[in-house]
Every structure is written in structure tokens, then in C-alpha cells.
$ cat protein06.cif   # mmCIF, C-alpha atoms and all ligand atoms
data_structure
#
loop_
_atom_site.group_PDB
_atom_site.id
_atom_site.type_symbol
_atom_site.label_atom_id
_atom_site.label_comp_id
_atom_site.auth_asym_id
_atom_site.auth_seq_id
_atom_site.Cartn_x
_atom_site.Cartn_y
_atom_site.Cartn_z
ATOM 1 C CA MET A 1 7.292 -16.400 1.333
ATOM 2 C CA ASP A 2 5.480 -14.811 -1.565
ATOM 3 C CA ALA A 3 5.360 -11.051 -1.735
ATOM 4 C CA VAL A 4 2.793 -9.546 0.577
ATOM 5 C CA LYS A 5 0.374 -7.324 -1.320
ATOM 6 C CA LEU A 6 -0.980 -3.968 -0.228
ATOM 7 C CA LEU A 7 -4.273 -2.351 -1.207
ATOM 8 C CA LEU A 8 -5.069 1.149 0.029
ATOM 9 C CA VAL A 9 -8.657 2.303 -0.527
ATOM 10 C CA GLY A 10 -9.260 6.053 -0.463
ATOM 11 C CA LEU A 11 -12.762 7.199 0.480
ATOM 12 C CA ASP A 12 -13.070 10.937 -0.023
ATOM 13 C CA GLY A 13 -14.908 13.005 2.574
ATOM 14 C CA LEU A 14 -15.877 10.028 4.715
ATOM 15 C CA ARG A 15 -17.378 10.947 8.078
ATOM 16 C CA ILE A 16 -16.096 8.379 10.543
ATOM 17 C CA ASP A 17 -19.160 8.629 12.784
ATOM 18 C CA ARG A 18 -21.483 7.881 9.833
ATOM 19 C CA ALA A 19 -19.406 5.114 8.262
ATOM 20 C CA PHE A 20 -18.533 3.044 11.315
ATOM 21 C CA GLY A 21 -20.862 1.470 13.823
ATOM 22 C CA THR A 22 -24.027 2.660 12.100
ATOM 23 C CA GLY A 23 -24.760 -0.406 9.975
ATOM 24 C CA LEU A 24 -24.537 1.765 6.865
ATOM 25 C CA ALA A 25 -21.187 0.324 5.799
ATOM 26 C CA PRO A 26 -21.015 -3.334 6.843
ATOM 27 C CA ASN A 27 -17.837 -4.100 4.889
ATOM 28 C CA LEU A 28 -15.978 -1.236 6.545
ATOM 29 C CA ASP A 29 -17.318 -2.321 9.931
ATOM 30 C CA ALA A 30 -16.095 -5.867 9.342
ATOM 31 C CA LEU A 31 -12.715 -4.575 8.179
ATOM 32 C CA ALA A 32 -12.446 -2.467 11.348
ATOM 33 C CA ALA A 33 -13.480 -5.384 13.562
ATOM 34 C CA ALA A 34 -10.718 -7.540 12.083
ATOM 35 C CA GLY A 35 -8.172 -4.762 11.710
ATOM 36 C CA HIS A 36 -6.395 -1.871 13.398
ATOM 37 C CA PHE A 37 -8.125 1.510 13.389
ATOM 38 C CA VAL A 38 -6.172 4.689 14.078
ATOM 39 C CA ARG A 39 -8.061 7.948 14.299
ATOM 40 C CA SER A 40 -6.126 11.015 13.264
ATOM 41 C CA GLU A 41 -6.350 14.668 12.209
ATOM 42 C CA VAL A 42 -5.518 16.433 8.956
ATOM 43 C CA GLU A 43 -2.502 18.684 9.567
ATOM 44 C CA GLY A 44 -2.857 20.969 6.527
ATOM 45 C CA PRO A 45 -5.964 22.424 4.885
ATOM 46 C CA THR A 46 -8.963 20.072 5.004
ATOM 47 C CA ILE A 47 -9.095 20.071 1.215
ATOM 48 C CA SER A 48 -8.708 17.044 -1.025
ATOM 49 C CA GLY A 49 -5.621 18.214 -2.976
ATOM 50 C CA PRO A 50 -3.298 18.921 -0.068
ATOM 51 C CA SER A 51 -4.681 16.126 2.054
ATOM 52 C CA TRP A 52 -4.404 13.346 -0.524
ATOM 53 C CA ALA A 53 -0.957 14.621 -1.497
ATOM 54 C CA THR A 54 0.130 14.230 2.126
ATOM 55 C CA ILE A 55 -1.470 10.821 2.540
ATOM 56 C CA LEU A 56 -0.198 9.360 -0.737
ATOM 57 C CA THR A 57 3.325 10.804 -0.727
ATOM 58 C CA GLY A 58 4.042 11.099 2.987
ATOM 59 C CA ALA A 59 5.115 14.719 2.482
ATOM 60 C CA THR A 60 3.814 17.458 4.758
ATOM 61 C CA HIS A 61 1.727 20.354 3.506
ATOM 62 C CA ALA A 62 4.813 22.598 3.713
ATOM 63 C CA GLU A 63 6.862 20.085 1.728
ATOM 64 C CA HIS A 64 4.511 19.410 -1.202
ATOM 65 C CA GLY A 65 3.282 23.012 -1.330
ATOM 66 C CA ILE A 66 -0.302 22.197 -2.292
ATOM 67 C CA ASP A 67 -2.882 24.573 -0.808
ATOM 68 C CA ASP A 68 -6.009 23.771 -2.780
ATOM 69 C CA ASN A 69 -7.381 21.681 -5.624
ATOM 70 C CA LEU A 70 -5.775 23.830 -8.320
ATOM 71 C CA MET A 71 -2.455 22.566 -6.941
ATOM 72 C CA ARG A 72 -0.484 25.376 -8.580
ATOM 73 C CA GLY A 73 3.213 25.360 -7.780
ATOM 74 C CA HIS A 74 3.124 21.848 -6.355
ATOM 75 C CA ARG A 75 6.384 20.108 -5.595
ATOM 76 C CA LEU A 76 5.209 16.594 -6.425
ATOM 77 C CA ALA A 77 8.339 16.055 -8.517
ATOM 78 C CA GLU A 78 10.260 15.942 -5.224
ATOM 79 C CA HIS A 79 7.632 13.843 -3.463
ATOM 80 C CA PRO A 80 6.682 10.654 -5.278
ATOM 81 C CA ASP A 81 3.552 8.731 -4.356
ATOM 82 C CA PHE A 82 3.933 5.517 -2.363
ATOM 83 C CA LEU A 83 3.475 3.304 -5.421
ATOM 84 C CA THR A 84 6.336 5.066 -7.176
ATOM 85 C CA ARG A 85 8.484 4.955 -4.048
ATOM 86 C CA ALA A 86 7.989 1.220 -3.655
ATOM 87 C CA TRP A 87 8.871 0.684 -7.298
ATOM 88 C CA GLN A 88 11.962 2.897 -6.992
ATOM 89 C CA ARG A 89 13.084 0.823 -4.018
ATOM 90 C CA ASP A 90 12.449 -2.481 -5.785
ATOM 91 C CA PRO A 91 12.078 -2.244 -9.577
ATOM 92 C CA SER A 92 10.305 -5.618 -9.709
ATOM 93 C CA THR A 93 7.345 -4.168 -7.765
ATOM 94 C CA THR A 94 4.038 -4.130 -9.637
ATOM 95 C CA THR A 95 1.615 -1.308 -8.912
ATOM 96 C CA TYR A 96 -1.876 -0.116 -9.806
ATOM 97 C CA ALA A 97 -4.009 2.978 -9.285
ATOM 98 C CA ALA A 98 -7.647 3.654 -10.138
ATOM 99 C CA ALA A 99 -9.406 6.930 -9.381
ATOM 100 C CA GLY A 100 -12.160 9.164 -10.645
ATOM 101 C CA TRP A 101 -10.655 12.426 -9.438
ATOM 102 C CA PRO A 102 -8.334 13.700 -12.160
ATOM 103 C CA ASN A 103 -5.954 15.388 -9.669
ATOM 104 C CA LEU A 104 -4.984 11.962 -8.425
ATOM 105 C CA THR A 105 -4.211 10.029 -11.580
ATOM 106 C CA ASP A 106 -4.831 12.069 -14.747
ATOM 107 C CA PRO A 107 -1.639 13.456 -16.288
ATOM 108 C CA ALA A 108 -3.805 16.090 -18.003
ATOM 109 C CA GLY A 109 -5.200 17.223 -14.638
ATOM 110 C CA ALA A 110 -3.779 19.471 -11.943
ATOM 111 C CA GLY A 111 -1.390 16.788 -10.650
ATOM 112 C CA PRO A 112 -1.252 13.964 -10.898
ATOM 113 C CA ILE A 113 -0.420 13.047 -7.315
ATOM 114 C CA VAL A 114 0.048 9.428 -8.439
ATOM 115 C CA ARG A 115 2.627 9.360 -11.210
ATOM 116 C CA LEU A 116 1.642 7.901 -14.551
ATOM 117 C CA ARG A 117 4.986 6.088 -15.120
ATOM 118 C CA ARG A 118 4.238 5.246 -18.712
ATOM 119 C CA GLU A 119 7.364 3.132 -19.099
ATOM 120 C CA GLN A 120 6.194 0.804 -16.333
ATOM 121 C CA ILE A 121 2.707 0.714 -17.835
ATOM 122 C CA ASP A 122 4.233 -0.319 -21.168
ATOM 123 C CA ALA A 123 6.320 -2.926 -19.361
ATOM 124 C CA GLY A 124 3.217 -4.402 -17.698
ATOM 125 C CA GLN A 125 4.435 -3.377 -14.242
ATOM 126 C CA HIS A 126 1.992 -0.588 -13.533
ATOM 127 C CA GLY A 127 -1.634 0.105 -14.345
ATOM 128 C CA VAL A 128 -3.651 3.303 -14.139
ATOM 129 C CA VAL A 129 -7.367 3.842 -14.604
ATOM 130 C CA SER A 130 -8.283 7.502 -14.547
ATOM 131 C CA LEU A 131 -11.867 8.648 -14.952
ATOM 132 C CA ASN A 132 -13.480 12.032 -14.479
ATOM 133 C CA GLY A 133 -16.010 12.161 -11.676
ATOM 134 C CA GLU A 134 -15.927 15.956 -11.677
ATOM 135 C CA LEU A 135 -17.406 15.885 -15.154
ATOM 136 C CA TYR A 136 -19.624 12.807 -15.004
ATOM 137 C CA GLY A 137 -20.378 12.492 -11.292
ATOM 138 C CA TYR A 138 -18.867 10.032 -8.839
ATOM 139 C CA ARG A 139 -22.115 8.161 -8.509
ATOM 140 C CA ALA A 140 -21.605 7.137 -12.145
ATOM 141 C CA VAL A 141 -17.833 6.878 -12.114
ATOM 142 C CA ASP A 142 -17.150 5.057 -8.815
ATOM 143 C CA PRO A 143 -18.860 1.791 -9.862
ATOM 144 C CA GLU A 144 -16.692 1.736 -12.988
ATOM 145 C CA ILE A 145 -13.582 2.288 -10.858
ATOM 146 C CA ALA A 146 -14.673 -0.600 -8.632
ATOM 147 C CA ALA A 147 -15.307 -2.902 -11.589
ATOM 148 C CA ARG A 148 -11.993 -2.102 -13.255
ATOM 149 C CA ALA A 149 -10.080 -2.396 -9.978
ATOM 150 C CA ARG A 150 -11.740 -5.727 -9.216
ATOM 151 C CA LEU A 151 -10.454 -7.108 -12.509
ATOM 152 C CA ALA A 152 -6.945 -5.781 -11.929
ATOM 153 C CA LEU A 153 -6.775 -7.111 -8.370
ATOM 154 C CA ALA A 154 -8.282 -10.470 -9.271
ATOM 155 C CA HIS A 155 -6.283 -11.202 -12.410
ATOM 156 C CA ALA A 156 -3.017 -9.293 -12.020
ATOM 157 C CA GLY A 157 -2.762 -9.052 -8.237
ATOM 158 C CA PRO A 158 -0.415 -6.047 -8.214
ATOM 159 C CA ASP A 159 1.963 -5.783 -5.275
ATOM 160 C CA LEU A 160 0.668 -2.336 -4.323
ATOM 161 C CA SER A 161 -2.597 -0.646 -5.274
ATOM 162 C CA PHE A 162 -4.482 2.545 -4.599
ATOM 163 C CA VAL A 163 -8.198 2.640 -5.411
ATOM 164 C CA TYR A 164 -10.255 5.756 -4.798
ATOM 165 C CA PHE A 165 -13.973 6.498 -4.421
ATOM 166 C CA CYS A 166 -15.567 9.926 -4.054
ATOM 167 C CA GLU A 167 -19.345 9.529 -3.929
ATOM 168 C CA THR A 168 -19.425 10.268 -0.195
ATOM 169 C CA ASP A 169 -17.701 13.618 -0.676
ATOM 170 C CA ASP A 170 -20.050 14.516 -3.502
ATOM 171 C CA ALA A 171 -23.106 13.630 -1.424
ATOM 172 C CA GLY A 172 -21.742 15.587 1.543
ATOM 173 C CA HIS A 173 -21.330 18.705 -0.569
ATOM 174 C CA TYR A 174 -24.700 18.486 -2.267
ATOM 175 C CA PHE A 175 -26.924 17.213 0.531
ATOM 176 C CA GLY A 176 -25.094 17.322 3.880
ATOM 177 C CA VAL A 177 -23.991 14.487 6.089
ATOM 178 C CA PHE A 178 -27.160 13.477 7.956
ATOM 179 C CA THR A 179 -29.194 12.816 4.847
ATOM 180 C CA PRO A 180 -30.544 9.769 3.038
ATOM 181 C CA GLN A 181 -28.313 10.761 0.116
ATOM 182 C CA TYR A 182 -25.138 10.618 2.220
ATOM 183 C CA ASP A 183 -26.264 7.300 3.691
ATOM 184 C CA GLU A 184 -26.836 5.967 0.206
ATOM 185 C CA ALA A 185 -23.410 7.145 -0.947
ATOM 186 C CA LEU A 186 -21.892 5.388 2.073
ATOM 187 C CA GLY A 187 -23.716 2.196 1.188
ATOM 188 C CA ASN A 188 -22.583 2.374 -2.427
ATOM 189 C CA SER A 189 -18.975 3.063 -1.446
ATOM 190 C CA ASP A 190 -19.090 0.224 1.045
ATOM 191 C CA ARG A 191 -20.285 -2.126 -1.678
ATOM 192 C CA HIS A 192 -17.305 -1.055 -3.788
ATOM 193 C CA VAL A 193 -15.027 -1.895 -0.862
ATOM 194 C CA GLY A 194 -16.763 -5.274 -0.690
ATOM 195 C CA THR A 195 -16.145 -5.834 -4.396
ATOM 196 C CA LEU A 196 -12.429 -5.235 -3.912
ATOM 197 C CA LEU A 197 -12.333 -7.441 -0.810
ATOM 198 C CA ASP A 198 -13.966 -10.281 -2.750
ATOM 199 C CA ALA A 199 -11.184 -10.076 -5.331
ATOM 200 C CA VAL A 200 -8.516 -10.019 -2.626
ATOM 201 C CA ASP A 201 -10.052 -12.908 -0.690
ATOM 202 C CA ALA A 202 -10.327 -15.009 -3.843
ATOM 203 C CA ARG A 203 -6.578 -14.581 -4.369
ATOM 204 C CA VAL A 204 -5.886 -15.415 -0.722
ATOM 205 C CA ARG A 205 -7.837 -18.640 -1.163
ATOM 206 C CA GLN A 206 -6.505 -19.513 -4.609
ATOM 207 C CA PHE A 207 -2.846 -18.545 -4.288
ATOM 208 C CA GLY A 208 -2.323 -18.456 -0.526
ATOM 209 C CA GLU A 209 -1.343 -14.798 -0.747
ATOM 210 C CA THR A 210 -1.201 -12.362 2.150
ATOM 211 C CA TRP A 211 -2.760 -8.918 1.632
ATOM 212 C CA VAL A 212 -2.682 -5.777 3.707
ATOM 213 C CA VAL A 213 -5.990 -4.036 3.023
ATOM 214 C CA ALA A 214 -6.187 -0.463 4.282
ATOM 215 C CA ALA A 215 -8.715 2.341 4.053
ATOM 216 C CA THR A 216 -8.496 6.047 4.747
ATOM 217 C CA THR A 217 -10.116 9.416 4.124
ATOM 218 C CA ASP A 218 -8.705 12.851 3.353
ATOM 219 C CA HIS A 219 -11.086 14.906 5.534
ATOM 220 C CA GLY A 220 -14.620 14.879 6.910
ATOM 221 C CA HIS A 221 -17.505 17.273 6.377
ATOM 222 C CA VAL A 222 -19.419 19.661 8.598
ATOM 223 C CA ASP A 223 -22.925 18.398 9.276
ATOM 224 C CA ALA A 224 -24.450 20.690 6.662
ATOM 225 C CA GLY A 225 -21.871 19.550 4.109
ATOM 226 C CA GLY A 226 -18.591 21.151 3.158
ATOM 227 C CA HIS A 227 -15.019 21.189 4.418
ATOM 228 C CA GLY A 228 -11.904 23.320 4.347
ATOM 229 C CA GLY A 229 -12.084 24.627 7.902
ATOM 230 C CA GLY A 230 -10.675 23.419 11.176
ATOM 231 C CA ALA A 231 -13.714 21.929 12.880
ATOM 232 C CA PRO A 232 -13.195 18.402 14.242
ATOM 233 C CA GLU A 233 -15.827 17.118 11.788
ATOM 234 C CA GLU A 234 -13.574 18.364 8.967
ATOM 235 C CA THR A 235 -10.094 17.499 10.281
ATOM 236 C CA GLN A 236 -11.097 13.945 11.150
ATOM 237 C CA THR A 237 -9.291 11.208 9.253
ATOM 238 C CA PHE A 238 -8.282 7.629 9.989
ATOM 239 C CA LEU A 239 -6.200 4.748 8.821
ATOM 240 C CA LEU A 240 -7.723 1.303 9.012
ATOM 241 C CA ALA A 241 -5.413 -1.613 8.260
ATOM 242 C CA SER A 242 -6.223 -5.291 8.196
ATOM 243 C CA VAL A 243 -4.494 -8.403 6.936
ATOM 244 C CA ARG A 244 -6.185 -11.022 4.769
ATOM 245 C CA GLY A 245 -4.491 -14.410 4.717
ATOM 246 C CA GLY A 246 -2.284 -13.461 7.649
ATOM 247 C CA GLU A 247 -2.191 -11.664 10.980
ATOM 248 C CA LEU A 248 -1.429 -8.134 12.050
ATOM 249 C CA PRO A 249 1.770 -7.938 14.113
ATOM 250 C CA PRO A 250 1.271 -7.648 17.891
ATOM 251 C CA SER A 251 2.814 -4.180 18.076
ATOM 252 C CA LEU A 252 0.658 -1.543 16.400
ATOM 253 C CA PRO A 253 0.821 2.253 16.548
ATOM 254 C CA GLU A 254 -1.714 4.104 18.696
ATOM 255 C CA ARG A 255 -1.141 7.335 16.775
ATOM 256 C CA LEU A 256 -0.293 8.036 13.139
ATOM 257 C CA ALA A 257 -0.317 11.385 11.381
ATOM 258 C CA PRO A 258 -1.648 11.283 7.806
ATOM 259 C CA ARG A 259 1.899 11.884 6.523
ATOM 260 C CA GLU A 260 2.904 8.661 8.283
ATOM 261 C CA TYR A 261 0.151 6.433 6.854
ATOM 262 C CA VAL A 262 1.932 5.071 3.789
ATOM 263 C CA ASP A 263 5.311 4.769 5.504
ATOM 264 C CA TRP A 264 3.711 2.640 8.160
ATOM 265 C CA LEU A 265 1.791 0.564 5.596
ATOM 266 C CA LEU A 266 4.989 -0.057 3.614
ATOM 267 C CA GLU A 267 6.739 -1.079 6.856
ATOM 268 C CA LEU A 268 3.831 -3.332 7.763
ATOM 269 C CA ARG A 269 4.041 -4.993 4.358
ATOM 270 C CA THR A 270 7.786 -5.500 4.686
ATOM 271 C CA GLY A 271 7.381 -6.847 8.211
ATOM 272 C CA LEU A 272 4.896 -9.427 6.972
ATOM 273 C CA GLY A 273 7.348 -10.597 4.336
ATOM 274 C CA GLY A 274 6.728 -8.307 1.380
ATOM 275 C CA GLY A 275 8.727 -5.515 -0.156
ATOM 276 C CA PRO A 276 12.401 -5.292 -1.039
ATOM 277 C CA GLY A 277 14.176 -8.622 -1.040
ATOM 278 C CA HIS A 278 10.929 -10.523 -0.722
ATOM 279 C CA ALA A 279 9.191 -9.835 -3.995
ATOM 280 C CA ALA A 280 8.242 -12.901 -5.961
ATOM 281 C CA ALA A 281 9.347 -13.050 -9.574
ATOM 282 C CA ALA A 282 6.909 -10.658 -11.145
ATOM 283 C CA GLU A 283 5.508 -12.091 -14.326
ATOM 284 C CA VAL A 284 2.147 -10.462 -13.800
ATOM 285 C CA SER A 285 0.748 -7.950 -16.195
ATOM 286 C CA VAL A 286 -1.073 -5.237 -14.313
ATOM 287 C CA GLY A 287 -2.422 -3.538 -17.367
ATOM 288 C CA VAL A 288 -5.725 -5.303 -17.784
ATOM 289 C CA ALA A 289 -7.342 -2.276 -19.355
HETATM 290 ZN ZN ZN B 1 -11.710 15.356 -0.375
#
$ encode --input "protein06.cif" --output "C-alpha cells" --more "lines below"
Ligand SMILES: [Zn+2]
Amino acid sequence: MDAVKLLLVGLDGLRIDRAFGTGLAPNLDALAAAGHFVRSEVEGPTISGPSWATILTGATHAEHGIDDNLMRGHRLAEHPDFLTRAWQRDPSTTTYAAAGWPNLTDPAGAGPIVRLRREQIDAGQHGVVSLNGELYGYRAVDPEIAARARLALAHAGPDLSFVYFCETDDAGHYFGVFTPQYDEALGNSDRHVGTLLDAVDARVRQFGETWVVAATTDHGHVDAGGHGGGAPEETQTFLLASVRGGELPPSLPERLAPREYVDWLLELRTGLGGGPGHAAAAEVSVGVA
């Protein structure tokens, strides 16, 4: 069997009750209807830095040592992101990350939580697109992330990818959650998810590939906008996993802590026939940029 691919989409500050079952995000609704949805709670501060570090590395708040978005004194050197871990386990693994929040992917930023791995970029095994939504606004930056990620997924088809959108968090902060602006941000983000799904589905049809497509968020927002506290509207998170060109296994977890998301996704991929020992000969070049 060919290597099973994995795409994790990160949607920052996504309120579950606004995104699902409201008609505002039809692609996410369809993904949930076909997939497995696990609701969960952030265990550390409901702040993007610590929460994404936990989700993407599998390390707890105490382990990675990140308290805020300045990320001073982080221990990311001891806690590689899931793309890096998969590559360390199987050096033929191709990986890709695209994000507009510099903490995630920009080596000049406070992290990055996702390692740059320049040697693998040079070898065509890894790709990184890093934009700056803090400076230019996620409403402007997210569509570019979606367009670049679509190209990478469609043409290179990396084994593992992480693609991140942040317009919902921005809209939550500026306008609050029950606002036309938040709804619009949800709709835009959902269209980006649809763009990525189109690329994945085209590969499923063309190459007969199997893809795990997952989505998650790092925290919610209080109704008026804002996060960082312990209210259920802020601690809420989820992992949604679906399989394109294949089936989810019959046994699925009822509960997953955010630190368990990527471990479970990597296990799911391996169980479906991807990962170590299953990787197809990787001749793909991920660096489309
Ligand atoms: Zn966030």
C-alpha cells in the first residue's frame, strides 16, 4: 500500500458552537459528518503559544515551558513538532507546514514551534511557508496560506502537513463571537478548508491515495471576544479526523487530551498503512515555493 498521508488543519480561536451545526462552515460540517469528532479541553493556559505547542509537539504545558506568546525560556529543543518526529522516525518522510503566525513557523519569531529543518528543505523533503498575519492581518494572509498549501498538497502531496488559519481568532478579538464579522471569518476559513480538501480529493482520485484529514483549534473565545481564562468557552478544543480514500478504523477514542492529538493521528496513519515501514519511495519535491 502507498503511504497514507496526513493533513492537520489548525484553526485558531475557533468556537465549536459557531463552527459546527450552524451552516456557517459547510466544509467543516461535512468533515465532521464523515469523520470522528472528539471534544476536549485545553490543559494549560488558553493562549495560542502554549496551546499550539502542546497540540503540535504532544508535550504538556509543564514540559514545553511556554506560558504565553512571547514563549521565553521554551524547551522546544526537547520537544519536536509532529512533522519533525515523523521524519526522525522515518527519514524518507516528506513534510510541509504553512502558517501566518510567526511563532509557529518563522525562525525569526518567538519559536518556531514547527522546526525549519533547512537541510530537509534543501533536499526537497520539507516545505515551509511562513507569513506574518500579526503584521498584515490574517484576513489578508490566510487566503495566501490556503493558495500556497493547495499547490503543495496538489503537486507534492507531502506525507504529513500542518496548515494554519487565524482569521477566526482575529475576528473574535476585534468583534466578539456572535457578530457578522466572526461569522464571515468562519466562512472564509471554511472556504480555505474546502480548498485544501479539493486538493486532497483530487489526489485520492488521481493516485488512489489515502489521506487522514484532521482539524483542531487551540482555544475558544468568550462571547465578547478574548481568551486566556478558564471559562468553558475558552478551554474548548476538539480534534476532528476523517479519512479520504479510505475508512476510519472501527475503534476510535472517546476522549483525547490536546497533548494526545498528534500521537493518535500518527497512530491512525500507521494503522491505515502509512508511516514507518510503509512509506513509498519519496521522489516528491515538497518545496513548491
Ligand atoms: Zn490562539
$ resolve_selection --input "protein06.cif" --expression "the PyMOL selection byres (((chain A and resi 149-156) around 10) and not hetatm)" --output "mmCIF file with C-alpha atoms, in the coordinates of the input"
data_model
loop_
_atom_site.group_PDB
_atom_site.id
_atom_site.type_symbol
_atom_site.label_atom_id
_atom_site.label_comp_id
_atom_site.auth_asym_id
_atom_site.auth_seq_id
_atom_site.Cartn_x
_atom_site.Cartn_y
_atom_site.Cartn_z
ATOM 1 C CA LEU A 7 -4.273 -2.351 -1.207
ATOM 2 C CA THR A 94 4.038 -4.130 -9.637
ATOM 3 C CA THR A 95 1.615 -1.308 -8.912
ATOM 4 C CA TYR A 96 -1.876 -0.116 -9.806
ATOM 5 C CA ALA A 97 -4.009 2.978 -9.285
ATOM 6 C CA ALA A 98 -7.647 3.654 -10.138
ATOM 7 C CA ALA A 99 -9.406 6.930 -9.381
ATOM 8 C CA GLY A 124 3.217 -4.402 -17.698
ATOM 9 C CA GLN A 125 4.435 -3.377 -14.242
ATOM 10 C CA GLY A 127 -1.634 0.105 -14.345
ATOM 11 C CA VAL A 128 -3.651 3.303 -14.139
ATOM 12 C CA VAL A 129 -7.367 3.842 -14.604
ATOM 13 C CA PRO A 143 -18.860 1.791 -9.862
ATOM 14 C CA GLU A 144 -16.692 1.736 -12.988
ATOM 15 C CA ILE A 145 -13.582 2.288 -10.858
ATOM 16 C CA ALA A 146 -14.673 -0.600 -8.632
ATOM 17 C CA ALA A 147 -15.307 -2.902 -11.589
ATOM 18 C CA ARG A 148 -11.993 -2.102 -13.255
ATOM 19 C CA GLY A 157 -2.762 -9.052 -8.237
ATOM 20 C CA PRO A 158 -0.415 -6.047 -8.214
ATOM 21 C CA ASP A 159 1.963 -5.783 -5.275
ATOM 22 C CA LEU A 160 0.668 -2.336 -4.323
ATOM 23 C CA SER A 161 -2.597 -0.646 -5.274
ATOM 24 C CA PHE A 162 -4.482 2.545 -4.599
ATOM 25 C CA VAL A 163 -8.198 2.640 -5.411
ATOM 26 C CA TYR A 164 -10.255 5.756 -4.798
ATOM 27 C CA HIS A 192 -17.305 -1.055 -3.788
ATOM 28 C CA VAL A 193 -15.027 -1.895 -0.862
ATOM 29 C CA GLY A 194 -16.763 -5.274 -0.690
ATOM 30 C CA THR A 195 -16.145 -5.834 -4.396
ATOM 31 C CA LEU A 196 -12.429 -5.235 -3.912
ATOM 32 C CA LEU A 197 -12.333 -7.441 -0.810
ATOM 33 C CA ASP A 198 -13.966 -10.281 -2.750
ATOM 34 C CA ALA A 199 -11.184 -10.076 -5.331
ATOM 35 C CA VAL A 200 -8.516 -10.019 -2.626
ATOM 36 C CA ASP A 201 -10.052 -12.908 -0.690
ATOM 37 C CA ALA A 202 -10.327 -15.009 -3.843
ATOM 38 C CA ARG A 203 -6.578 -14.581 -4.369
ATOM 39 C CA GLU A 283 5.508 -12.091 -14.326
ATOM 40 C CA VAL A 284 2.147 -10.462 -13.800
ATOM 41 C CA SER A 285 0.748 -7.950 -16.195
ATOM 42 C CA VAL A 286 -1.073 -5.237 -14.313
ATOM 43 C CA GLY A 287 -2.422 -3.538 -17.367
ATOM 44 C CA VAL A 288 -5.725 -5.303 -17.784
ATOM 45 C CA ALA A 289 -7.342 -2.276 -19.355
#
$ residues_near_ligand --input "protein06.cif" --ligand "ligand ZN 1 (chain B)" --cutoff "7 Å" --atoms "only C-alpha atoms and all ligand atoms" --output "number ranges by chain"
A: 12-13, 47-48, 169, 218-219
$ atom_distance --input "protein06.cif" --atom1 "CA of Pro112 in chain A" --atom2 "CA of Ala19 in chain A"
27.8 Å
$ closest_residue --input "protein06.cif" --among "A:Arg39, A:Arg191, A:Asp106, A:Leu11" --to "Glu254 in chain A" --atoms "all atoms listed in the file"
A:Arg39
$ closest_residue --input "protein06.cif" --among "A:Leu24, A:Val212, A:Val141, A:Ala108" --to "Tyr182 in chain A" --atoms "only C-alpha atoms"
A:Leu24
$ closest_residue --input "protein06.cif" --among "A:Arg117, A:Arg269, A:His64, A:His221" --to "Arg244 in chain A" --atoms "all atoms listed in the file"
A:Arg269
$ closest_residue --input "protein06.cif" --among "A:Pro26, A:Gly274, A:Gly35, A:Pro107" --to "Leu252 in chain A" --atoms "only C-alpha atoms"
A:Gly35
$ resolve_selection --input "protein06.cif" --expression "the PyMOL selection byres (((chain A and resi 230) around 12) and not hetatm)" --output "list in words"
Glu41, Val42, Glu43, Gly44, Pro45, Thr46, Ile47, His219, Gly220, His221, Val222, Gly226, His227, Gly228, Gly229, Ala231, Pro232, Glu233, Glu234, Thr235 and Gln236 of chain A
$ atom_distance --input "protein06.cif" --atom1 "CA of Leu83 in chain A" --atom2 "CA of Val9 in chain A"
13.1 Å
$ resolve_selection --input "protein06.cif" --expression "the PyMOL selection byres (((chain A and resi 73) around 12) and not hetatm)" --output "list in words"
Pro50, Ala62, Glu63, His64, Gly65, Ile66, Asp67, Asp68, Asn69, Leu70, Met71, Arg72, His74, Arg75, Leu76, Ala77, Ala110 and Gly111 of chain A
$ axis_aligned_box --input "protein06.cif" --around "range 220-230 of chain A" --padding-each-side "3 Å" --output "lines of an AutoDock Vina configuration file"
center_x = -17.6
center_y = 19.8
center_z = 7.2
size_x = 19.8
size_y = 15.7
size_z = 14.0
$ closest_residue --input "protein06.cif" --among "A:Glu119, A:Glu184, A:Asp81, A:Glu260" --to "Leu56 in chain A" --atoms "only C-alpha atoms"
A:Asp81
$ atom_distance --input "protein06.cif" --atom1 "CA of Leu14 in chain A" --atom2 "CA of Ser251 in chain A"
27.0 Å
$ closest_residue --input "protein06.cif" --among "A:Asp122, A:Gly109, A:Arg115, A:Asp223" --to "Arg18 in chain A" --atoms "all atoms listed in the file"
A:Asp223
$ residues_around --input "protein06.cif" --residues "range 175-179 of chain A" --least-positions-apart "3" --cutoff "7 Å" --atoms "all atoms listed in the file" --output "list in words"
Ala171, Gly172, Tyr182, Asp183, Asp223, Ala224 and Gly225 of chain A
